[in-house]
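What follows is the content of start_37.csv (CSV, C-alpha atoms).
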```csv
chain,number,residue,atom,x,y,z
P,1,MET,CA,10.8,16.8,-6.7
P,2,ILE,CA,14.4,15.5,-7.1
P,3,ARG,CA,16.6,17.7,-5.0
P,4,ASN,CA,20.3,18.6,-5.5
P,5,LYS,CA,20.1,18.1,-9.2
P,6,ALA,CA,23.6,19.5,-9.6
P,7,ALA,CA,25.0,16.5,-7.9
P,8,ILE,CA,23.5,14.2,-10.5
P,9,SER,CA,24.5,16.3,-13.5
P,10,ARG,CA,28.1,16.6,-12.3
P,11,ARG,CA,28.3,12.8,-12.6
P,12,ASP,CA,26.5,13.0,-16.0
P,13,PHE,CA,24.1,10.4,-14.7
P,14,LEU,CA,20.5,11.2,-15.1
P,15,LYS,CA,18.2,13.9,-16.3
P,16,PHE,CA,14.6,13.7,-15.1
P,17,VAL,CA,11.3,14.9,-16.5
P,18,SER,CA,8.1,15.1,-14.6
P,19,CYS,CA,5.0,13.1,-15.5
P,20,GLY,CA,1.4,14.0,-14.5
P,21,CYS,CA,0.0,13.4,-11.1
P,22,CYS,CA,-3.2,11.3,-10.6
P,23,ALA,CA,-5.9,12.1,-8.1
P,24,LEU,CA,-4.3,10.0,-5.4
P,25,GLY,CA,-1.0,11.9,-5.7
P,26,LEU,CA,1.1,9.6,-7.9
P,27,SER,CA,4.1,11.5,-9.3
P,28,THR,CA,6.9,9.7,-11.0
P,29,LEU,CA,10.0,10.9,-12.8
P,30,LEU,CA,11.3,8.9,-15.7
P,31,PRO,CA,14.8,9.1,-17.2
P,32,VAL,CA,15.1,10.7,-20.6
P,33,ASN,CA,18.8,10.1,-21.4
P,34,ASP,CA,18.6,8.1,-24.6
P,35,ASN,CA,21.8,6.2,-23.7
P,36,LEU,CA,20.2,4.9,-20.5
P,37,LEU,CA,16.6,4.5,-21.6
P,38,THR,CA,15.8,1.0,-22.9
P,39,GLN,CA,12.9,-1.1,-24.0
P,40,GLY,CA,12.3,-4.0,-21.7
P,41,ALA,CA,12.0,-6.5,-24.5
P,42,ALA,CA,15.5,-5.8,-25.8
P,43,VAL,CA,17.0,-6.1,-22.3
P,44,ALA,CA,15.1,-9.2,-21.5
P,45,ALA,CA,16.5,-11.0,-24.5
P,46,GLU,CA,20.1,-10.6,-23.4
P,47,PRO,CA,21.4,-13.1,-20.8
P,48,GLU,CA,23.8,-10.7,-19.2
P,49,HIS,CA,20.9,-8.6,-18.0
P,50,LEU,CA,19.2,-11.5,-16.3
P,51,LYS,CA,19.3,-12.5,-12.6
P,52,GLU,CA,18.2,-15.9,-11.2
P,53,VAL,CA,15.1,-15.8,-9.0
P,54,MET,CA,15.9,-16.4,-5.3
P,55,PHE,CA,13.0,-18.6,-4.3
P,56,TYR,CA,11.8,-21.3,-6.7
P,57,LYS,CA,11.9,-25.1,-7.1
P,58,LYS,CA,13.1,-27.0,-10.2
P,59,LEU,CA,10.6,-29.6,-11.4
P,60,ALA,CA,10.6,-32.4,-14.0
P,61,ASP,CA,10.5,-31.6,-17.7
P,62,LEU,CA,12.2,-28.2,-17.3
P,63,LYS,CA,9.3,-26.8,-15.3
P,64,ILE,CA,9.7,-24.7,-12.2
P,65,GLU,CA,7.5,-23.7,-9.2
P,66,CYS,CA,7.9,-20.1,-8.0
P,67,GLY,CA,8.1,-19.7,-4.2
P,68,ILE,CA,8.0,-15.9,-3.8
P,69,CYS,CA,4.3,-15.4,-3.4
P,70,PRO,CA,1.3,-17.6,-2.5
P,71,LYS,CA,0.3,-18.0,-6.1
P,72,ASN,CA,3.2,-20.5,-6.3
P,73,CYS,CA,3.0,-20.5,-10.1
P,74,ARG,CA,4.1,-23.7,-11.9
P,75,ILE,CA,5.7,-22.5,-15.1
P,76,ALA,CA,6.8,-24.5,-18.2
P,77,ASP,CA,9.9,-23.8,-20.1
P,78,LEU,CA,9.9,-20.4,-22.0
P,79,GLU,CA,6.8,-19.3,-20.1
P,80,ARG,CA,6.2,-16.7,-17.4
P,81,GLY,CA,4.3,-16.6,-14.1
P,82,TYR,CA,1.3,-14.5,-13.3
P,83,CYS,CA,3.3,-11.4,-12.6
P,84,GLY,CA,4.7,-11.4,-16.1
P,85,ASN,CA,8.2,-10.2,-15.2
P,86,LYS,CA,10.0,-13.5,-14.6
P,87,GLU,CA,10.6,-16.2,-17.2
P,88,ASN,CA,11.6,-19.9,-17.2
P,89,ARG,CA,14.5,-20.4,-19.5
P,90,GLY,CA,15.6,-24.0,-19.8
P,91,GLY,CA,14.5,-24.9,-16.2
P,92,THR,CA,16.2,-21.8,-14.7
P,93,TYR,CA,13.9,-19.0,-13.5
P,94,TYR,CA,15.0,-15.5,-14.2
P,95,THR,CA,13.7,-12.1,-13.2
P,96,LEU,CA,13.6,-9.8,-16.3
P,97,VAL,CA,13.5,-6.5,-14.3
P,98,HIS,CA,16.5,-6.5,-12.0
P,99,SER,CA,18.2,-3.1,-12.2
P,100,ARG,CA,15.5,-1.9,-14.7
P,101,PRO,CA,13.1,0.5,-12.9
P,102,CYS,CA,10.4,2.1,-15.0
P,103,ALA,CA,9.8,4.8,-12.3
P,104,VAL,CA,12.2,6.7,-10.2
P,105,HIS,CA,11.3,9.6,-7.9
P,106,THR,CA,12.1,11.3,-4.6
P,107,ASP,CA,9.0,11.4,-2.4
P,108,PRO,CA,8.1,12.5,1.1
P,109,ILE,CA,7.8,9.3,3.2
P,110,GLU,CA,4.3,10.6,4.2
P,111,LYS,CA,3.2,9.8,0.6
P,112,LYS,CA,3.6,6.0,1.1
P,113,PRO,CA,2.0,6.6,3.6
P,114,PHE,CA,4.1,6.2,6.7
P,115,PHE,CA,3.1,8.4,9.6
P,116,HIS,CA,5.2,6.7,12.3
P,117,CYS,CA,8.4,6.3,10.3
P,118,LEU,CA,11.0,9.1,9.9
P,119,PRO,CA,8.5,12.0,9.5
P,120,SER,CA,9.5,14.8,7.1
P,121,SER,CA,12.2,12.6,5.6
P,122,PHE,CA,12.5,11.7,1.9
P,123,SER,CA,12.5,8.3,0.3
P,124,PHE,CA,14.2,7.4,-3.0
P,125,SER,CA,11.3,5.6,-4.7
P,126,ILE,CA,11.6,3.0,-7.5
P,127,ALA,CA,9.3,0.5,-9.3
P,128,THR,CA,9.4,-2.0,-12.1
P,129,ALA,CA,6.7,-3.4,-14.3
P,130,GLY,CA,4.5,-6.2,-12.9
P,131,CYS,CA,2.2,-7.3,-10.1
P,132,ASN,CA,0.9,-10.5,-8.5
P,133,PHE,CA,-2.6,-8.9,-8.2
P,134,GLU,CA,-4.9,-7.2,-10.7
P,135,CYS,CA,-6.7,-4.7,-8.6
P,136,ARG,CA,-9.6,-3.2,-10.7
P,137,PHE,CA,-9.0,0.1,-8.9
P,138,CYS,CA,-5.2,0.2,-9.4
P,139,GLN,CA,-3.9,3.7,-9.5
P,140,ASN,CA,-0.6,2.6,-11.0
P,141,TRP,CA,-1.9,0.2,-13.6
P,142,ASN,CA,0.3,1.5,-16.3
P,143,MET,CA,3.3,0.0,-14.4
P,144,ALA,CA,1.7,-2.8,-12.3
P,145,GLN,CA,-0.4,-4.3,-15.1
P,146,TYR,CA,2.2,-4.1,-17.8
P,147,ARG,CA,5.0,-6.4,-18.8
P,148,PRO,CA,8.6,-5.3,-18.9
P,149,GLU,CA,8.6,-5.0,-22.7
P,150,GLN,CA,5.6,-2.6,-22.6
P,151,VAL,CA,7.4,0.1,-20.5
P,152,ASP,CA,10.5,2.1,-20.8
P,153,SER,CA,13.1,1.5,-18.2
P,154,VAL,CA,16.5,2.7,-17.1
P,155,PHE,CA,19.6,0.7,-16.1
P,156,MET,CA,20.1,1.4,-12.4
P,157,PRO,CA,21.9,-1.3,-10.5
P,158,PRO,CA,21.4,-1.6,-6.7
P,159,GLU,CA,24.7,0.2,-5.9
P,160,THR,CA,23.6,3.2,-8.0
P,161,VAL,CA,20.2,3.3,-6.3
P,162,ALA,CA,21.9,3.3,-2.9
P,163,LYS,CA,24.4,6.0,-4.0
P,164,LEU,CA,21.7,8.2,-5.5
P,165,ALA,CA,19.5,7.9,-2.4
P,166,LYS,CA,22.5,8.9,-0.2
P,167,GLU,CA,23.3,11.9,-2.5
P,168,GLN,CA,19.7,13.0,-2.5
P,169,ASP,CA,19.7,13.0,1.3
P,170,CYS,CA,17.0,10.3,1.4
P,171,LYS,CA,16.9,8.3,4.6
P,172,THR,CA,15.2,5.4,2.9
P,173,ILE,CA,14.8,3.7,-0.5
P,174,ALA,CA,11.1,2.9,-1.1
P,175,TYR,CA,9.9,0.0,-3.2
P,176,THR,CA,6.6,1.2,-4.3
P,177,TYR,CA,4.1,2.3,-7.1
P,178,SER,CA,3.8,-1.3,-8.6
P,179,GLU,CA,4.2,-4.4,-6.4
P,180,PRO,CA,7.7,-4.9,-5.0
P,181,VAL,CA,7.2,-8.5,-4.1
P,182,VAL,CA,7.4,-9.3,-7.9
P,183,PHE,CA,10.8,-7.5,-8.2
P,184,TYR,CA,12.0,-9.2,-5.0
P,185,GLU,CA,15.6,-9.8,-6.1
P,186,TYR,CA,16.1,-6.1,-7.1
P,187,MET,CA,14.5,-4.9,-3.9
P,188,TYR,CA,16.6,-7.3,-1.8
P,189,ASP,CA,19.9,-6.3,-3.5
P,190,CYS,CA,19.0,-2.5,-3.2
P,191,ALA,CA,18.2,-2.9,0.5
P,192,VAL,CA,21.5,-4.7,1.1
P,193,ALA,CA,23.4,-2.0,-0.9
P,194,GLY,CA,21.5,0.8,1.0
P,195,LYS,CA,22.3,-0.7,4.4
P,196,LYS,CA,26.0,-0.5,3.6
P,197,LEU,CA,25.7,3.2,3.0
P,198,GLY,CA,23.5,3.9,6.0
P,199,VAL,CA,20.3,4.2,4.0
P,200,GLY,CA,17.2,2.3,5.1
P,201,SER,CA,14.6,0.6,3.0
P,202,VAL,CA,10.8,0.5,3.1
P,203,MET,CA,8.4,-1.8,1.2
P,204,ILE,CA,5.0,-0.6,0.1
P,205,SER,CA,3.2,-3.9,-0.6
P,206,ASN,CA,-0.1,-5.8,-1.0
P,207,GLY,CA,1.4,-8.2,1.6
P,208,PHE,CA,0.9,-11.2,-0.8
P,209,ILE,CA,4.3,-12.9,-0.1
P,210,ASN,CA,5.4,-16.2,1.3
P,211,GLU,CA,6.8,-16.4,4.8
P,212,GLU,CA,10.4,-17.5,4.0
P,213,PRO,CA,11.2,-14.6,1.5
P,214,LEU,CA,9.4,-12.2,3.8
P,215,ARG,CA,11.6,-13.1,6.8
P,216,ARG,CA,14.8,-13.0,4.8
P,217,LEU,CA,13.9,-9.6,3.3
P,218,CYS,CA,12.9,-8.0,6.6
P,219,THR,CA,16.5,-8.5,7.8
P,220,TYR,CA,17.3,-5.5,5.6
P,221,LEU,CA,14.1,-3.4,5.8
P,222,THR,CA,13.3,-0.5,8.0
P,223,ALA,CA,9.5,-0.7,7.7
P,224,VAL,CA,6.6,-2.2,5.7
P,225,LYS,CA,3.3,-0.7,4.6
P,226,VAL,CA,0.7,-3.3,3.8
P,227,ASP,CA,-2.5,-2.5,1.8
P,228,LEU,CA,-5.3,-4.5,3.3
P,229,LYS,CA,-7.8,-4.4,0.4
P,230,SER,CA,-10.8,-5.7,2.3
P,231,PHE,CA,-11.7,-8.1,5.1
P,232,ASN,CA,-13.7,-10.2,2.6
P,233,ASP,CA,-12.1,-13.0,0.6
P,234,LYS,CA,-14.7,-12.6,-2.2
P,235,PHE,CA,-13.6,-9.0,-2.6
P,236,TYR,CA,-10.0,-10.1,-3.0
P,237,LYS,CA,-11.0,-12.7,-5.6
P,238,ASP,CA,-13.4,-10.5,-7.6
P,239,TYR,CA,-11.6,-7.2,-7.5
P,240,CYS,CA,-7.9,-8.1,-6.9
P,241,SER,CA,-7.5,-11.7,-8.3
P,242,GLY,CA,-6.0,-12.5,-4.9
P,243,GLU,CA,-6.8,-13.9,-1.5
P,244,LEU,CA,-7.3,-12.4,2.0
P,245,GLU,CA,-5.8,-15.1,4.2
P,246,PRO,CA,-2.1,-14.9,3.0
P,247,VAL,CA,-2.2,-11.1,3.6
P,248,LEU,CA,-3.5,-11.6,7.2
P,249,LYS,CA,-0.7,-14.1,7.7
P,250,THR,CA,1.9,-11.6,6.4
P,251,LEU,CA,0.6,-9.1,9.0
P,252,GLN,CA,1.0,-11.6,11.8
P,253,VAL,CA,4.5,-12.5,10.6
P,254,LEU,CA,5.5,-8.9,10.6
P,255,LYS,CA,4.3,-8.6,14.1
P,256,ASN,CA,6.2,-11.7,15.1
P,257,ILE,CA,9.4,-10.4,13.4
P,258,GLY,CA,9.1,-7.1,15.3
P,259,ILE,CA,9.6,-4.9,12.3
P,260,TRP,CA,7.7,-1.6,12.1
P,261,TYR,CA,4.6,-1.8,9.8
P,262,GLU,CA,1.5,0.2,9.0
P,263,ILE,CA,-1.8,-0.7,7.4
P,264,VAL,CA,-3.7,1.1,4.7
P,265,VAL,CA,-7.3,0.4,3.7
P,266,LEU,CA,-8.6,2.0,0.6
P,267,ILE,CA,-12.4,2.5,1.2
P,268,ILE,CA,-14.4,2.0,-1.9
P,269,PRO,CA,-18.1,3.0,-1.8
P,270,THR,CA,-20.5,-0.1,-1.8
P,271,LEU,CA,-17.6,-2.6,-2.2
P,272,ASN,CA,-15.7,-2.7,1.1
P,273,ASP,CA,-17.3,0.1,3.2
P,274,SER,CA,-20.0,-1.7,5.2
P,275,PRO,CA,-19.9,-1.0,8.9
P,276,ALA,CA,-20.1,-4.7,9.7
P,277,GLU,CA,-16.9,-5.4,7.6
P,278,ILE,CA,-15.1,-2.5,9.2
P,279,ARG,CA,-16.0,-3.7,12.7
P,280,GLU,CA,-14.8,-7.3,11.9
P,281,MET,CA,-11.6,-6.0,10.4
P,282,THR,CA,-10.7,-3.6,13.2
P,283,ALA,CA,-11.6,-6.2,15.8
P,284,TRP,CA,-9.2,-8.7,14.1
P,285,ILE,CA,-6.4,-6.1,14.0
P,286,TYR,CA,-6.8,-5.3,17.7
P,287,LYS,CA,-6.9,-9.0,18.7
P,288,ASN,CA,-4.1,-10.3,16.5
P,289,LEU,CA,-1.8,-7.3,16.0
P,290,GLY,CA,-2.4,-5.2,19.0
P,291,PRO,CA,-3.5,-1.5,19.6
P,292,ASP,CA,-0.4,0.2,18.3
P,293,VAL,CA,-0.3,-0.6,14.6
P,294,PRO,CA,-1.3,2.6,12.7
P,295,VAL,CA,-4.3,2.0,10.4
P,296,HIS,CA,-5.0,4.5,7.6
P,297,PHE,CA,-8.4,4.6,6.0
P,298,SER,CA,-7.9,6.2,2.6
P,299,ARG,CA,-10.3,7.9,0.2
P,300,PHE,CA,-11.0,6.2,-3.1
P,301,HIS,CA,-11.1,8.1,-6.4
P,302,PRO,CA,-12.4,6.6,-9.6
P,303,MET,CA,-9.5,4.8,-11.3
P,304,TYR,CA,-8.6,2.2,-13.9
P,305,LYS,CA,-11.5,-0.2,-14.3
P,306,ILE,CA,-13.7,1.2,-11.5
P,307,LYS,CA,-14.8,4.6,-12.8
P,308,ASN,CA,-18.5,4.3,-12.1
P,309,LEU,CA,-18.3,4.9,-8.4
P,310,PRO,CA,-17.9,8.3,-6.7
P,311,PRO,CA,-15.1,9.3,-4.4
P,312,THR,CA,-15.5,8.0,-0.9
P,313,PRO,CA,-17.7,10.2,1.3
P,314,ILE,CA,-15.7,11.8,4.1
P,315,SER,CA,-18.5,10.7,6.5
P,316,THR,CA,-17.7,7.0,5.5
P,317,LEU,CA,-14.1,7.5,6.4
P,318,GLU,CA,-15.0,9.1,9.7
P,319,MET,CA,-17.2,6.1,10.4
P,320,CYS,CA,-14.2,3.8,9.8
P,321,HIS,CA,-12.1,6.0,12.0
P,322,LYS,CA,-14.6,5.9,14.9
P,323,THR,CA,-15.1,2.1,14.5
P,324,ALA,CA,-11.3,1.4,14.7
P,325,THR,CA,-10.8,3.8,17.6
P,326,SER,CA,-13.7,2.1,19.5
P,327,ALA,CA,-12.1,-1.2,18.8
P,328,GLY,CA,-9.1,0.0,20.8
P,329,ILE,CA,-6.7,0.9,18.0
P,330,ARG,CA,-4.7,3.9,19.2
P,331,TYR,CA,-3.4,5.4,15.9
P,332,VAL,CA,-6.1,5.7,13.3
P,333,TYR,CA,-5.8,8.0,10.3
P,334,ILE,CA,-7.9,9.3,7.4
P,335,GLY,CA,-6.0,9.6,4.1
P,336,ASN,CA,-6.4,11.5,0.9
P,337,VAL,CA,-8.4,14.2,2.6
P,338,PRO,CA,-5.8,17.0,3.1
P,339,GLY,CA,-6.4,19.1,6.2
P,340,HIS,CA,-8.6,16.6,8.0
P,341,ALA,CA,-7.9,16.5,11.7
P,342,ALA,CA,-7.4,12.7,11.5
P,343,GLU,CA,-4.3,13.2,9.3
P,344,SER,CA,-2.4,14.2,12.4
P,345,THR,CA,-0.9,12.2,15.2
P,346,TYR,CA,-2.0,12.6,18.8
P,347,CYS,CA,-0.7,11.2,22.0
P,348,SER,CA,-2.7,8.1,23.0
P,349,ARG,CA,-2.3,9.1,26.7
P,350,CYS,CA,-2.8,12.8,27.0
P,351,LYS,CA,-4.3,13.5,23.5
P,352,LYS,CA,-1.9,16.3,22.7
P,353,LEU,CA,-1.4,17.1,19.0
P,354,LEU,CA,2.1,15.8,18.3
P,355,ILE,CA,2.5,15.8,14.5
P,356,GLN,CA,0.3,18.1,12.5
P,357,ARG,CA,0.0,17.2,8.8
P,358,MET,CA,-1.5,18.8,5.7
P,359,GLY,CA,-1.3,16.3,2.9
P,360,TYR,CA,2.3,15.2,2.7
P,361,ALA,CA,3.6,18.3,4.6
P,362,ILE,CA,4.5,18.3,8.3
P,363,LEU,CA,3.3,21.6,9.9
P,364,GLN,CA,4.6,20.9,13.3
P,365,ASN,CA,6.3,18.0,15.1
P,366,ASP,CA,6.5,18.1,18.9
P,367,LEU,CA,7.8,14.6,19.4
P,368,LYS,CA,11.2,14.4,21.1
P,369,ASN,CA,13.0,11.1,20.3
P,370,GLY,CA,9.6,9.5,19.8
P,371,THR,CA,8.2,10.6,23.1
P,372,CYS,CA,5.4,13.0,24.1
P,373,SER,CA,6.0,15.7,26.7
P,374,CYS,CA,3.8,13.7,29.0
P,375,GLY,CA,6.4,10.9,28.9
P,376,ASN,CA,4.3,8.5,26.7
P,377,ARG,CA,6.5,6.7,24.1
P,378,ILE,CA,4.8,6.8,20.7
P,379,PRO,CA,5.6,3.5,18.7
P,380,GLY,CA,7.4,3.9,15.4
P,381,VAL,CA,10.8,4.4,13.8
P,382,TRP,CA,12.1,7.8,14.6
P,383,ASP,CA,15.8,7.1,13.8
P,384,VAL,CA,16.8,5.2,10.8
P,385,GLN,CA,20.0,4.0,12.4
P,386,GLY,CA,18.0,2.0,14.9
P,387,ARG,CA,16.7,-0.1,12.0
P,388,LEU,CA,20.0,-0.7,10.1
```
Now that the file is in, can you turn its structure into structure tokens?
Amino acid sequence: MIRNKAAISRRDFLKFVSCGCCALGLSTLLPVNDNLLTQGAAVAAEPEHLKEVMFYKKLADLKIECGICPKNCRIADLERGYCGNKENRGGTYYTLVHSRPCAVHTDPIEKKPFFHCLPSSFSFSIATAGCNFECRFCQNWNMAQYRPEQVDSVFMPPETVAKLAKEQDCKTIAYTYSEPVVFYEYMYDCAVAGKKLGVGSVMISNGFINEEPLRRLCTYLTAVKVDLKSFNDKFYKDYCSGELEPVLKTLQVLKNIGIWYEIVVLIIPTLNDSPAEIREMTAWIYKNLGPDVPVHFSRFHPMYKIKNLPPTPISTLEMCHKTATSAGIRYVYIGNVPGHAAESTYCSRCKKLLIQRMGYAILQNDLKNGTCSCGNRIPGVWDVQGRL
């Protein structure tokens, strides 16, 4: 929940109300102050609320080509790209959602999930409408698959986001829930504003982003979590309207940059859970990314357009865990199974239990400055100042 509510009310800024939680733990808070709450369509119609997109090319006949993600949409005048939250107006490409989040919440960073990044800290989490995928199993479809005019939003400029994060004692701002790549300009400006106040930033993404905007953004990020949907391009096309190869490239670029990142794989029964695919995936990760990138295998629950499949059997997740460990990956986790031993972090050298988790809660943390008592350094971000 939002903490230190008095600090917000003293500034007469926001009142919050809770929305329901889904099976995977989504919990958002939406503003209810009528003076701040707006319909996206009204905002999008007013030029003073628009911000020019950072990466695009102007073409003939007032057309443009977007350069943020690998879809590289070519868009005619008065049309929008695939994500639905940017519009070509007279040959200039504008984002319609800058400073207009439709979800705001303070979350434990473990919820993202990050297990090797500032454990027990809180993250000021924001999202806007839109996505460059359409995952048939999307847990946040009522934001990601909607256009700005279909959701309520609040005016919250980057400086306010950074200030609220600081006031709420959040070590990071998280760009999450929907796909932050499609609200790139807002994310970038918030990350810059956060850095000025000593607040880090983390991106929770599908990894479908072009290299130039990724590298520029990472200058201001603390860490990145990438959802690796599958290791099968057909799955990406059929169930996500996306592609695998650009995501793999993103992971390699993150490794090259040297920023901290973690991988989450949602295991969906019969669709991406074959032992052969998991072996191929984990072998690729070990070969191309190394043994120290944390890999989370998360439990699927019926959602959005895939409601005919059961939750992932725990035995399947344990198979994935064993396969990844056998491939040489040192930090492998099972997610969405509270209390499972594989939620916790162990020393890769002496096997000591270092961080014991129960869901999003930390029950114990025996790491000292990121180091086990045996002297083994555990990779991760243990101090936000080191990434600012």
Using only C-alpha atoms, which residues of stretch 95-140 of chain P come within 7 Å of stretch 168-187 of chain P, and what is the closest atom pair for each, with the distance in Å to one decimal? Give it as JSON lines, sorted by chain and residue number.
```
{"residue": "P:Val97", "atom": "CA", "partner": "P:Phe183", "partner_atom": "CA", "distance": 6.7}
{"residue": "P:His98", "atom": "CA", "partner": "P:Tyr186", "partner_atom": "CA", "distance": 4.9}
{"residue": "P:Ser99", "atom": "CA", "partner": "P:Tyr186", "partner_atom": "CA", "distance": 6.3}
{"residue": "P:Ser121", "atom": "CA", "partner": "P:Lys171", "partner_atom": "CA", "distance": 6.4}
{"residue": "P:Phe122", "atom": "CA", "partner": "P:Cys170", "partner_atom": "CA", "distance": 4.7}
{"residue": "P:Ser123", "atom": "CA", "partner": "P:Thr172", "partner_atom": "CA", "distance": 4.7}
{"residue": "P:Phe124", "atom": "CA", "partner": "P:Ile173", "partner_atom": "CA", "distance": 4.5}
{"residue": "P:Ser125", "atom": "CA", "partner": "P:Ala174", "partner_atom": "CA", "distance": 4.5}
{"residue": "P:Ile126", "atom": "CA", "partner": "P:Tyr175", "partner_atom": "CA", "distance": 5.5}
{"residue": "P:Ala127", "atom": "CA", "partner": "P:Thr176", "partner_atom": "CA", "distance": 5.7}
{"residue": "P:Thr128", "atom": "CA", "partner": "P:Ser178", "partner_atom": "CA", "distance": 6.6}
{"residue": "P:Ala129", "atom": "CA", "partner": "P:Ser178", "partner_atom": "CA", "distance": 6.7}
{"residue": "P:Gly130", "atom": "CA", "partner": "P:Ser178", "partner_atom": "CA", "distance": 6.6}
{"residue": "P:Cys131", "atom": "CA", "partner": "P:Glu179", "partner_atom": "CA", "distance": 5.1}
{"residue": "P:Asn132", "atom": "CA", "partner": "P:Val182", "partner_atom": "CA", "distance": 6.6}
{"residue": "P:Asn140", "atom": "CA", "partner": "P:Tyr177", "partner_atom": "CA", "distance": 6.1}
```
For the interface of stretch 73-177 of chain P with stretch 335-348 of chain P (cut-off 9 Å, counting all atoms listed in the file), please tabulate each contacting residue of stretch 73-177 of chain P alongside its nearest pair of atoms and their separation in Å to one decimal, rows sorted by chain and increasing number, as a Markdown table.
```
| residue | atom | partner | partner_atom | distance |
| --- | --- | --- | --- | --- |
| P:Pro113 | CA | P:Gly335 | CA | 8.6 |
| P:Phe115 | CA | P:Thr345 | CA | 7.9 |
| P:His116 | CA | P:Thr345 | CA | 8.7 |
```
TODO: Go through P:Cys69, P:Val384, P:Ile263, P:Val295 one by one, measure the shortest atom-to-atom distance of each to P:Phe208 using all atoms listed in the file, and give the residue with the smallest value.
DONE: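 Among the listed residues, the smallest separation from P:Phe208 belongs to P:Cys69.
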TODO: Could you check which of P:Ala361, P:Ile259, P:Met303, P:Val199 is closest to P:Leu388, using only C-alpha atoms?
DONE: P:Val199
Return as JSON lines the residues of stretch 230-334 of chain P lying at most 10 Å from stretch 218-226 of chain P, together with the closest atom-to-atom pair for each and the distance in Å to one decimal, counting all atoms listed in the file, with rows in chain order and ascending residue number.
```
{"residue": "P:Val247", "atom": "CA", "partner": "P:Val226", "partner_atom": "CA", "distance": 8.3}
{"residue": "P:Leu248", "atom": "CA", "partner": "P:Val226", "partner_atom": "CA", "distance": 9.9}
{"residue": "P:Thr250", "atom": "CA", "partner": "P:Val226", "partner_atom": "CA", "distance": 8.8}
{"residue": "P:Leu251", "atom": "CA", "partner": "P:Val226", "partner_atom": "CA", "distance": 7.8}
{"residue": "P:Leu254", "atom": "CA", "partner": "P:Val224", "partner_atom": "CA", "distance": 8.4}
{"residue": "P:Ile257", "atom": "CA", "partner": "P:Cys218", "partner_atom": "CA", "distance": 8.0}
{"residue": "P:Gly258", "atom": "CA", "partner": "P:Cys218", "partner_atom": "CA", "distance": 9.5}
{"residue": "P:Ile259", "atom": "CA", "partner": "P:Ala223", "partner_atom": "CA", "distance": 6.2}
{"residue": "P:Trp260", "atom": "CA", "partner": "P:Ala223", "partner_atom": "CA", "distance": 4.8}
{"residue": "P:Tyr261", "atom": "CA", "partner": "P:Val224", "partner_atom": "CA", "distance": 4.6}
{"residue": "P:Glu262", "atom": "CA", "partner": "P:Lys225", "partner_atom": "CA", "distance": 4.8}
{"residue": "P:Ile263", "atom": "CA", "partner": "P:Val226", "partner_atom": "CA", "distance": 5.1}
{"residue": "P:Val264", "atom": "CA", "partner": "P:Val226", "partner_atom": "CA", "distance": 6.3}
{"residue": "P:Val265", "atom": "CA", "partner": "P:Val226", "partner_atom": "CA", "distance": 8.8}
{"residue": "P:Pro294", "atom": "CA", "partner": "P:Lys225", "partner_atom": "CA", "distance": 9.9}
{"residue": "P:Val295", "atom": "CA", "partner": "P:Val226", "partner_atom": "CA", "distance": 9.8}
```
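Here the question is which of P:Arg215, P:His105, P:Lys111, P:Arg100 gets nearest to P:Asp152 using only C-alpha atoms, and that residue is P:Arg100.
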How big is the axis-aligned box around all listed atoms of stretch 207-224 of chain P once 4 Å goes on each side, and where's its centre, in Å to one decimal, as AutoDock Vina command-line options?
```
--center_x 9.1 --center_y -9.0 --center_z 3.6 --size_x 24.4 --size_y 25.0 --size_z 16.8
```
Task: atom CA of P:Tyr93 to atom CA of P:Gly67, straight-line distance in Å - done: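 Atom CA of P:Gly67 sits 11.0 Å away from atom CA of P:Tyr93.
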- [ ] Just the residues within 9 Å of stretch 277-281 of chain P, please, counting all atoms listed in the file, with nothing from its chain fewer than 4 positions along; format it as a ChimeraX atom specification.
- [x] /P:230-232,272-273,285-286,319-320,323-324,327
- [ ] Counting all atoms listed in the file, find the residues whose atoms lie at most 9 Å from (-9.3, -1.0, 21.1) (file coordinates) and write them out as a list in words.
- [x] Thr282, Ala283, Tyr286, Lys287, Gly290, Pro291, Ala324, Thr325, Ser326, Ala327, Gly328, Ile329 and Arg330 of chain P
- [ ] Please provide the set of residues having any atom within 6 Å of stretch 349-357 of chain P, restricted to all atoms listed in the file, with same-chain residues fewer than 6 positions apart removed, written as a VMD selection string.
- [x] chain P and resid 343 363 to 367
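You can rank P:Ser120, P:Pro379, P:Glu87, P:Pro246 by their closest distance to P:Met358 using all atoms listed in the file, and at the top of that list sits P:Ser120.
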- [ ] Fewer than 2 positions away in the same chain doesn't count, so skip those; otherwise give me all residues within 8 Å of P:Pro310, counting all atoms listed in the file, as number ranges by chain.
- [x] P: 269, 301-302, 307-308, 312
Open item on the list: Using Å and a single decimal, report how far atom CA of P:Pro70 sits from atom CA of P:Cys240.
Closed with: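 Those two atoms sit 13.9 Å apart.
Distance-wise, atom CA of P:Ser298 and atom CA of P:Lys71 end up 27.0 Å apart.
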Task: Pick from P:Gln150, P:Gly198, P:Ala162, P:Ile209 nearest to P:Cys66, counting only C-alpha atoms - done: P:Ile209
TODO: May I ask which of the residues P:Trp382, P:Tyr331, P:Tyr82, P:Trp284 is the closest one to P:Glu134, counting only C-alpha atoms?
DONE: P:Tyr82
Once you've located stretch 161-169 of chain P in the structure I gave, write it as a CSV table (one decimal), in the first residue's frame, keeping C-alpha atoms.
```csv
chain,number,residue,atom,x,y,z
P,161,VAL,CA,6.8,11.2,-10.0
P,162,ALA,CA,10.3,11.6,-8.7
P,163,LYS,CA,9.2,13.7,-5.8
P,164,LEU,CA,6.5,11.3,-4.7
P,165,ALA,CA,8.9,8.4,-5.0
P,166,LYS,CA,11.3,10.2,-2.7
P,167,GLU,CA,8.6,11.1,-0.2
P,168,GLN,CA,7.3,7.5,-0.1
P,169,ASP,CA,10.9,6.3,0.6
```
